[in-house]
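**Q** One file is attached below, coords-v3.csv, containing CSV, C-alpha atoms.
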```
chain,number,residue,atom,x,y,z
X,16,MET,CA,118.7,142.8,96.2
X,17,SER,CA,120.1,143.6,99.7
X,18,THR,CA,118.5,145.9,102.2
X,19,VAL,CA,121.4,148.3,101.9
X,20,ALA,CA,120.8,148.6,98.2
X,21,LYS,CA,117.1,149.0,98.6
X,22,ALA,CA,117.7,151.8,101.1
X,23,GLY,CA,119.8,153.6,98.5
X,24,GLN,CA,122.1,155.0,101.1
X,25,GLY,CA,125.4,154.0,99.5
X,26,VAL,CA,126.3,152.3,102.8
X,27,LYS,CA,129.2,149.9,103.0
X,28,LEU,CA,129.5,147.6,106.0
X,29,THR,CA,132.7,145.8,107.0
X,30,VAL,CA,132.9,143.2,109.8
X,31,HIS,CA,136.2,142.9,111.4
X,32,TRP,CA,136.0,139.2,112.2
X,33,LEU,CA,138.2,137.3,114.7
X,34,ASN,CA,138.2,133.5,114.8
X,35,GLU,CA,136.6,131.9,117.8
X,36,SER,CA,135.0,135.2,118.9
X,37,ARG,CA,131.7,136.8,119.3
X,38,GLY,CA,132.2,138.4,115.8
X,39,GLN,CA,130.3,135.5,114.3
X,40,ARG,CA,127.1,137.0,115.9
X,41,ILE,CA,127.4,140.0,113.6
X,42,VAL,CA,128.0,138.0,110.4
X,43,TRP,CA,124.9,136.0,111.2
X,44,LEU,CA,123.0,139.1,111.9
X,45,LEU,CA,123.9,140.7,108.5
X,46,GLU,CA,123.1,137.4,106.7
X,47,GLU,CA,119.6,137.2,108.4
X,48,LEU,CA,119.0,140.8,107.2
X,49,ASN,CA,120.3,140.1,103.7
X,50,LEU,CA,122.7,143.0,103.9
X,51,ASP,CA,125.8,143.5,101.7
X,52,TYR,CA,129.0,143.6,103.7
X,53,ASP,CA,132.7,142.7,103.6
X,54,ILE,CA,134.6,140.6,106.0
X,55,LYS,CA,138.1,141.4,107.1
X,56,VAL,CA,139.7,138.4,108.8
X,57,TYR,CA,141.9,138.5,111.9
X,58,LEU,CA,143.4,135.3,113.4
X,59,ARG,CA,144.3,134.8,117.0
X,60,GLN,CA,148.0,134.5,117.9
X,61,LYS,CA,149.5,131.5,119.6
X,62,ASP,CA,148.7,133.0,123.0
X,63,LYS,CA,145.0,133.2,121.9
X,64,HIS,CA,145.1,137.0,122.0
X,65,SER,CA,143.8,139.0,119.0
X,66,PRO,CA,146.5,140.3,116.7
X,67,PRO,CA,147.7,143.9,117.1
X,68,GLU,CA,146.2,144.9,113.7
X,69,LEU,CA,142.7,145.0,115.4
X,70,LYS,CA,143.9,147.9,117.5
X,71,GLN,CA,144.2,149.9,114.3
X,72,VAL,CA,140.5,149.6,113.9
X,73,HIS,CA,139.4,150.1,117.5
X,74,PRO,CA,141.8,151.0,120.4
X,75,LEU,CA,140.6,147.9,122.5
X,76,GLY,CA,141.6,145.5,119.7
X,77,LYS,CA,138.5,143.3,120.3
X,78,SER,CA,136.0,141.6,118.1
X,79,PRO,CA,133.3,142.2,117.0
X,80,VAL,CA,133.9,145.5,115.4
X,81,ILE,CA,132.2,146.9,112.4
X,82,SER,CA,133.0,149.9,110.3
X,83,ILE,CA,130.3,151.7,108.3
X,84,GLN,CA,131.0,154.0,105.4
X,85,ALA,CA,128.2,156.3,104.1
X,86,PRO,CA,128.1,159.3,101.8
X,87,SER,CA,127.3,161.6,104.8
X,88,LEU,CA,130.5,160.5,106.7
X,89,ASP,CA,133.9,162.0,106.3
X,90,LYS,CA,135.4,158.8,107.8
X,91,PRO,CA,133.9,155.4,108.6
X,92,LEU,CA,131.8,155.0,111.7
X,93,VAL,CA,133.4,152.3,113.9
X,94,LEU,CA,131.2,150.4,116.4
X,95,ALA,CA,132.4,147.9,119.0
X,96,GLU,CA,130.6,145.6,121.5
X,97,SER,CA,128.1,143.1,120.3
X,98,ALA,CA,125.0,144.6,121.8
X,99,ALA,CA,125.8,148.1,120.6
X,100,ILE,CA,126.3,146.7,117.1
X,101,VAL,CA,123.1,144.6,117.1
X,102,GLU,CA,121.1,147.5,118.3
X,103,TYR,CA,122.5,150.0,115.8
X,104,VAL,CA,122.1,147.6,112.8
X,105,SER,CA,118.6,146.7,113.9
X,106,ASP,CA,117.6,150.3,114.3
X,107,HIS,CA,118.7,151.2,110.7
X,108,PHE,CA,118.2,147.9,108.8
X,109,GLY,CA,116.2,145.4,110.8
X,110,GLN,CA,113.4,147.0,112.8
X,111,GLN,CA,111.6,143.6,112.7
X,112,LEU,CA,114.3,142.3,115.1
X,113,ILE,CA,113.0,144.7,117.8
X,114,PRO,CA,109.7,143.6,119.5
X,115,LYS,CA,106.9,146.1,119.6
X,116,ARG,CA,107.4,148.1,122.8
X,117,TYR,CA,103.9,149.3,123.7
X,118,PRO,CA,100.4,148.0,123.0
X,119,ASP,CA,98.4,150.3,120.8
X,120,GLY,CA,97.4,153.4,122.7
X,121,ASN,CA,99.9,153.0,125.6
X,122,ASP,CA,103.0,154.7,124.1
X,123,GLY,CA,105.3,156.1,126.8
X,124,LEU,CA,103.4,154.7,129.8
X,125,ILE,CA,105.6,153.3,132.5
X,126,SER,CA,105.1,149.6,133.0
X,127,ALA,CA,103.0,149.3,129.9
X,128,GLU,CA,105.8,147.7,127.8
X,129,THR,CA,105.0,144.4,126.2
X,130,LYS,CA,106.4,141.2,127.7
X,131,GLU,CA,108.4,140.5,124.5
X,132,TRP,CA,110.1,143.9,124.6
X,133,LEU,CA,111.0,143.7,128.3
X,134,ARG,CA,112.5,140.3,127.7
X,135,PHE,CA,114.4,141.5,124.7
X,136,ARG,CA,115.8,144.5,126.6
X,137,PHE,CA,116.8,142.2,129.5
X,138,LEU,CA,118.5,139.5,127.4
X,139,MET,CA,120.4,142.0,125.3
X,140,HIS,CA,122.3,143.0,128.4
X,141,TYR,CA,122.1,139.7,130.3
X,142,ALA,CA,124.1,137.7,127.7
X,143,GLU,CA,127.4,139.5,128.4
X,144,GLY,CA,126.5,141.0,131.8
X,145,SER,CA,125.5,137.9,133.7
X,146,LEU,CA,125.9,134.7,131.8
X,147,MET,CA,129.2,135.2,129.9
X,148,PRO,CA,131.3,136.0,133.1
X,149,VAL,CA,130.2,132.6,134.6
X,150,LEU,CA,131.2,130.8,131.4
X,151,PHE,CA,134.5,132.8,131.2
X,152,THR,CA,135.3,131.6,134.8
X,153,GLY,CA,134.7,128.1,133.6
X,154,LEU,CA,137.1,128.6,130.7
X,155,LEU,CA,139.7,130.0,133.1
X,156,THR,CA,139.5,127.0,135.5
X,157,HIS,CA,139.7,124.7,132.6
X,158,ASN,CA,142.9,126.4,131.4
X,159,ILE,CA,144.3,126.2,135.0
X,160,ARG,CA,143.8,122.5,135.0
X,161,GLU,CA,145.4,122.1,131.6
X,162,ALA,CA,148.3,124.4,132.2
X,163,PRO,CA,151.8,122.9,131.6
X,164,VAL,CA,153.0,123.0,135.2
X,165,PRO,CA,155.5,120.6,136.9
X,166,PHE,CA,154.0,117.3,138.0
X,167,PHE,CA,154.4,118.1,141.7
X,168,LEU,CA,152.3,121.3,141.2
X,169,LYS,CA,149.6,119.7,139.2
X,170,PHE,CA,147.6,118.7,142.4
X,171,ILE,CA,147.7,122.3,143.6
X,172,THR,CA,146.5,123.9,140.4
X,173,LYS,CA,143.7,121.3,140.0
X,174,LYS,CA,142.7,121.9,143.6
X,175,ILE,CA,142.4,125.7,143.0
X,176,ALA,CA,140.3,125.1,139.9
X,177,ASP,CA,138.1,122.7,141.7
X,178,MET,CA,137.5,125.1,144.6
X,179,VAL,CA,136.5,127.9,142.2
X,180,ASP,CA,134.1,125.6,140.3
X,181,ASN,CA,132.6,124.0,143.3
X,182,ASN,CA,132.1,127.3,145.2
X,183,PHE,CA,131.0,129.5,142.3
X,184,THR,CA,131.0,128.3,138.7
X,185,LEU,CA,128.9,125.2,138.8
X,186,ALA,CA,126.2,126.6,141.0
X,187,GLU,CA,126.0,129.9,139.1
X,188,LEU,CA,125.9,128.1,135.7
X,189,LYS,CA,123.1,125.8,136.9
X,190,LEU,CA,121.1,128.7,138.3
X,191,ASN,CA,121.4,130.6,134.9
X,192,LEU,CA,120.6,127.6,132.7
X,193,ASP,CA,117.7,126.6,134.9
X,194,TYR,CA,116.3,130.1,134.5
X,195,LEU,CA,116.8,130.1,130.7
X,196,GLU,CA,115.2,126.7,130.3
X,197,ALA,CA,112.1,128.0,132.2
X,198,LEU,CA,112.1,131.2,130.2
X,199,LEU,CA,112.2,129.4,126.9
X,200,ALA,CA,109.4,127.2,128.0
X,201,GLU,CA,107.2,130.4,128.3
X,202,SER,CA,107.9,131.4,124.7
X,203,PRO,CA,105.3,130.4,122.1
X,204,ASP,CA,106.3,127.0,120.8
X,205,SER,CA,109.7,127.6,122.5
X,206,GLU,CA,110.8,128.9,119.1
X,207,PHE,CA,112.8,132.0,120.1
X,208,LEU,CA,113.8,133.5,123.4
X,209,CYS,CA,111.5,136.5,123.3
X,210,GLY,CA,108.5,135.0,121.6
X,211,ALA,CA,107.4,133.7,118.2
X,212,ASN,CA,109.8,135.9,116.2
X,213,LEU,CA,113.6,136.2,115.9
X,214,THR,CA,115.0,139.2,117.8
X,215,GLY,CA,118.3,140.8,118.5
X,216,ALA,CA,118.4,138.9,121.8
X,217,ASP,CA,118.8,135.6,119.9
X,218,PHE,CA,121.9,137.0,118.2
X,219,MET,CA,123.3,137.9,121.6
X,220,MET,CA,122.5,134.7,123.4
X,221,ILE,CA,123.6,132.1,120.8
X,222,PHE,CA,127.3,132.5,121.5
X,223,VAL,CA,127.1,132.1,125.2
X,224,LEU,CA,124.7,129.1,124.9
X,225,GLU,CA,127.1,127.5,122.4
X,226,ALA,CA,129.8,128.0,125.0
X,227,ALA,CA,127.7,126.1,127.6
X,228,VAL,CA,127.3,123.2,125.0
X,229,LEU,CA,131.1,123.3,124.5
X,230,PHE,CA,131.7,123.0,128.3
X,231,LYS,CA,129.3,120.0,128.3
X,232,LYS,CA,126.9,121.7,130.8
X,233,LEU,CA,124.1,122.1,128.3
X,234,ASN,CA,122.9,119.0,126.4
X,235,GLU,CA,119.7,117.4,125.2
X,236,THR,CA,119.3,115.6,128.6
X,237,SER,CA,120.1,118.4,131.1
X,238,TYR,CA,118.3,121.2,129.3
X,239,PRO,CA,116.3,119.8,126.3
X,240,LYS,CA,114.6,123.0,125.4
X,241,LEU,CA,117.7,125.1,125.4
X,242,TYR,CA,119.7,122.5,123.6
X,243,SER,CA,117.0,122.2,120.9
X,244,TYR,CA,117.0,126.0,120.6
X,245,VAL,CA,120.8,126.0,120.0
X,246,ARG,CA,120.6,123.3,117.3
X,247,ARG,CA,117.5,125.0,115.7
X,248,ILE,CA,119.4,128.3,115.4
X,249,GLN,CA,122.4,126.5,114.0
X,250,SER,CA,120.2,124.9,111.3
X,251,ARG,CA,118.9,128.3,110.1
X,252,ASP,CA,119.8,129.2,106.5
X,253,GLY,CA,121.2,132.6,107.7
X,254,TYR,CA,123.4,130.9,110.3
X,255,LYS,CA,124.7,128.5,107.7
X,256,ARG,CA,125.4,131.2,105.2
X,257,ALA,CA,127.3,133.1,107.8
X,258,GLY,CA,129.5,130.1,108.4
X,259,ASP,CA,130.1,129.7,104.7
X,260,LYS,CA,131.0,133.4,104.4
X,261,VAL,CA,133.7,133.3,107.0
X,262,SER,CA,135.0,129.9,105.7
X,263,GLU,CA,135.5,131.5,102.3
X,264,ALA,CA,137.0,134.7,103.7
X,265,SER,CA,139.4,133.0,106.2
X,266,GLY,CA,140.2,129.9,104.1
X,267,VAL,CA,139.4,127.8,107.2
X,268,LYS,CA,136.1,125.8,107.5
X,269,TYR,CA,133.9,127.5,110.1
X,270,VAL,CA,133.0,125.3,113.1
X,271,PRO,CA,130.3,126.5,115.5
X,272,PHE,CA,131.8,127.5,118.9
X,273,SER,CA,129.8,124.7,120.4
X,274,GLU,CA,131.9,122.2,118.4
X,275,SER,CA,135.3,123.8,118.7
X,276,LYS,CA,138.2,122.6,120.8
X,277,LEU,CA,139.1,124.2,124.1
```
Can the structure in the file be given as structure tokens, please?

**A**
Amino acid sequence: MSTVAKAGQGVKLTVHWLNESRGQRIVWLLEELNLDYDIKVYLRQKDKHSPPELKQVHPLGKSPVISIQAPSLDKPLVLAESAAIVEYVSDHFGQQLIPKRYPDGNDGLISAETKEWLRFRFLMHYAEGSLMPVLFTGLLTHNIREAPVPFFLKFITKKIADMVDNNFTLAELKLNLDYLEALLAESPDSEFLCGANLTGADFMMIFVLEAAVLFKKLNETSYPKLYSYVRRIQSRDGYKRAGDKVSEASGVKYVPFSESKL
């Protein structure tokens, strides 16, 4: 029986899923929590942009987006942004994904928060606020290099991409991956990013780390703990079920972002 059914709230969740997007985080989240949900599939257009139908769900037309129907609501509650969705779903259906904030007897005391909770709060924002912009810049420079420009301009576009990477992207990516490798080494048994248990931060971080694998900057030699972490997450039953669910819903076999084609 699902958590939703156990709660007896008559809640219906719908994930508005876009291929090759952060939307997979949310499907994995719901699978780990054994929730009942529907998937509505949206496929990228030839220009890689999301289809206009997504703007009918949320004005920004991005993924992930979830809609929540409940008896107390006149119309579905629509939530966008990965971290906001992970936090909301965890608050209502997965409190175990939020580390204990204070040691017993220290509730509300400034600086008394547990190490696990502080790391969790940081990583929930860090994934998209710090690391993803660096990886997005790497994707941008890759696309500049691969752009179909006349032969005599190819040298110029490659030069521009190289300048951006050499002066920003590569150094920033190394800085961040070095930091995360050391952070994971501090975790008990290097199992999860915030400690011995799975948390919302793991759902936020997996997509960006898969992107680092895709860009060939994260591998078993350069960052063995992070690479092992990515593969360990991908081997979880919940992650695999999430892939099976979107494969069935979309009619296209799900491929982890780390193994997709740029």

**Q** Just the residues within 8 Å of Ala216 of chain X, please, counting all atoms listed in the file, with nothing from its chain fewer than 3 positions along; format it as a list in words.

**A**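 The residues satisfying every condition are Phe135, Arg136, Leu138, Met139, Leu208, Cys209, Met219 and Met220 of chain X.
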
**Q** When you count only C-alpha atoms, which of these residues is closest to Leu88 of chain X: X:Ile54, X:Leu213, X:Gln60, X:Gly25?

**A**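 Among the listed residues, X:Gly25 lies closest to Leu88 of chain X.
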
**Q** Do a neighbour search on Ser105 of chain X at 10 Å with all atoms listed in the file, toss out local chain neighbours closer than 3 positions, and write the hits as a compact mmCIF listing (two decimals) with C-alpha atoms, in the frame of the given file.

**A**
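Ended up saving to out_22.txt:
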```
# COMPACT_ATOMS: atom_id res chain seq x y z
CA LEU X 44 123.00 139.10 111.90
CA LEU X 45 123.90 140.70 108.50
CA LEU X 48 119.00 140.80 107.20
CA ALA X 99 125.80 148.10 120.60
CA ILE X 100 126.30 146.70 117.10
CA VAL X 101 123.10 144.60 117.10
CA GLU X 102 121.10 147.50 118.30
CA PHE X 108 118.20 147.90 108.80
CA GLY X 109 116.20 145.40 110.80
CA GLN X 110 113.40 147.00 112.80
CA GLN X 111 111.60 143.60 112.70
CA LEU X 112 114.30 142.30 115.10
CA ILE X 113 113.00 144.70 117.80
CA THR X 214 115.00 139.20 117.80
CA GLY X 215 118.30 140.80 118.50
```

**Q** Can you tell me which residues surround Leu224 of chain X at a distance of at most 12 Å, considering all atoms listed in the file, apart from same-chain residues fewer than 6 positions away, and format the answer as a ChimeraX atom specification?

**A** /X:37,142-143,146-147,149-150,188,191-192,195-196,208,217-218,230-234,238,240-246,248-249,271-274

**Q** With distances taken over all atoms listed in the file, which residue among X:Glu235, X:Glu96, X:Glu128, X:Glu68 lies nearest Lys55 of chain X?

**A**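 Residue with the minimum atom-to-atom distance to Lys55 of chain X: X:Glu68.
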
**Q** Residues near Ile125 of chain X, anyone? I mean within 12 Å using only C-alpha atoms, not counting same-chain ones fewer than 5 positions away, as a list of chain:residue names.

**A**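 Non-adjacent residues within range: X:Arg116, X:Tyr117, X:Leu133.
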
**Q** What is the distance, in Å and to one decimal place, between atom CA of Phe183 of chain X and atom CA of Ala226 of chain X?

**A**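 It comes out at 17.4 Å.
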
**Q** Nearest to Ser237 of chain X among X:Lys77, X:Lys189, X:Gln84, X:Thr156, with distances taken over all atoms listed in the file: which residue is it?

**A**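 Under the stated criterion, the closest residue is X:Lys189.
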
**Q** When you draw a straight line from atom CA of Phe137 of chain X to atom CA of Asn182 of chain X, how long is it in Å?

**A**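 A separation of 26.5 Å between them.
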
**Q** How many Å lie between atom CA of Ala95 of chain X and atom CA of Val80 of chain X, rounded to one decimal?

**A** 4.6 Å

**Q** May I ask which of the residues X:Leu92, X:Leu33, X:Val42, X:Asp51 is the closest one to Pro66 of chain X, counting all atoms listed in the file?

**A**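 Ranked by minimum distance to Pro66 of chain X, first place goes to X:Leu33.
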
**Q** Might you pull out every residue within 10 Å of Arg256 of chain X, with all atoms listed in the file counted and same-chain residues fewer than 5 positions away left off, and present them as a ChimeraX atom specification?

**A** /X:42-43,46-47,251,261-262

**Q** Which protein, DNA or RNA residues have an atom at most 12 Å from (134.8, 129.1, 138.9), counting all atoms listed in the file? List them as a ChimeraX atom specification.

**A** /X:148-160,173-188

**Q** From the set X:Ser202, X:Thr29, X:Asn34, X:Asn49, which residue has the shortest atom-to-atom contact distance to Arg134 of chain X, counting all atoms listed in the file?

**A**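 Closest candidate: X:Ser202.
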
**Q** So, counting only C-alpha atoms, which residue among X:Ser65, X:Tyr103, X:Ser36, X:Leu28 is closest to Val270 of chain X?

**A**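 Ranked by minimum distance to Val270 of chain X, first place goes to X:Ser36.
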
**Q** As a PDB file, keeping the file's coordinate frame, please: segment 111-125 of chain X completed to N, CA and C atoms.

**A**
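Resulting contents of out-v1.pdb:
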```
ATOM      1  N   GLN X 111     112.425 144.776 112.363  1.00  0.00           N
ATOM      2  CA  GLN X 111     111.600 143.600 112.700  1.00  0.00           C
ATOM      3  C   GLN X 111     112.300 142.759 113.795  1.00  0.00           C
ATOM      4  N   LEU X 112     113.575 143.029 114.086  1.00  0.00           N
ATOM      5  CA  LEU X 112     114.300 142.300 115.100  1.00  0.00           C
ATOM      6  C   LEU X 112     114.060 142.921 116.519  1.00  0.00           C
ATOM      7  N   ILE X 113     113.302 144.012 116.574  1.00  0.00           N
ATOM      8  CA  ILE X 113     113.000 144.700 117.800  1.00  0.00           C
ATOM      9  C   ILE X 113     111.516 144.502 118.131  1.00  0.00           C
ATOM     10  N   PRO X 114     111.145 143.820 119.203  1.00  0.00           N
ATOM     11  CA  PRO X 114     109.700 143.600 119.500  1.00  0.00           C
ATOM     12  C   PRO X 114     108.988 144.948 119.691  1.00  0.00           C
ATOM     13  N   LYS X 115     107.721 144.924 119.408  1.00  0.00           N
ATOM     14  CA  LYS X 115     106.900 146.100 119.600  1.00  0.00           C
ATOM     15  C   LYS X 115     106.940 146.467 121.117  1.00  0.00           C
ATOM     16  N   ARG X 116     107.225 147.744 121.395  1.00  0.00           N
ATOM     17  CA  ARG X 116     107.400 148.100 122.800  1.00  0.00           C
ATOM     18  C   ARG X 116     106.139 148.327 123.569  1.00  0.00           C
ATOM     19  N   TYR X 117     105.165 148.984 122.970  1.00  0.00           N
ATOM     20  CA  TYR X 117     103.900 149.300 123.700  1.00  0.00           C
ATOM     21  C   TYR X 117     102.714 148.742 122.931  1.00  0.00           C
ATOM     22  N   PRO X 118     101.709 148.293 123.651  1.00  0.00           N
ATOM     23  CA  PRO X 118     100.400 148.000 123.000  1.00  0.00           C
ATOM     24  C   PRO X 118      99.851 149.281 122.425  1.00  0.00           C
ATOM     25  N   ASP X 119      99.034 149.166 121.433  1.00  0.00           N
ATOM     26  CA  ASP X 119      98.400 150.300 120.800  1.00  0.00           C
ATOM     27  C   ASP X 119      97.729 151.209 121.859  1.00  0.00           C
ATOM     28  N   GLY X 120      98.004 152.510 121.810  1.00  0.00           N
ATOM     29  CA  GLY X 120      97.400 153.400 122.700  1.00  0.00           C
ATOM     30  C   GLY X 120      98.046 153.625 124.049  1.00  0.00           C
ATOM     31  N   ASN X 121      99.176 152.926 124.276  1.00  0.00           N
ATOM     32  CA  ASN X 121      99.900 153.000 125.600  1.00  0.00           C
ATOM     33  C   ASN X 121     101.288 153.544 125.443  1.00  0.00           C
ATOM     34  N   ASP X 122     101.605 154.191 124.340  1.00  0.00           N
ATOM     35  CA  ASP X 122     103.000 154.700 124.100  1.00  0.00           C
ATOM     36  C   ASP X 122     103.449 155.557 125.268  1.00  0.00           C
ATOM     37  N   GLY X 123     104.640 155.232 125.769  1.00  0.00           N
ATOM     38  CA  GLY X 123     105.300 156.100 126.800  1.00  0.00           C
ATOM     39  C   GLY X 123     104.841 155.816 128.206  1.00  0.00           C
ATOM     40  N   LEU X 124     103.865 154.955 128.420  1.00  0.00           N
ATOM     41  CA  LEU X 124     103.400 154.700 129.800  1.00  0.00           C
ATOM     42  C   LEU X 124     104.341 153.766 130.520  1.00  0.00           C
ATOM     43  N   ILE X 125     104.751 154.170 131.713  1.00  0.00           N
ATOM     44  CA  ILE X 125     105.600 153.300 132.500  1.00  0.00           C
ATOM     45  C   ILE X 125     104.897 152.028 132.879  1.00  0.00           C
TER      46      ILE X 125
END
```
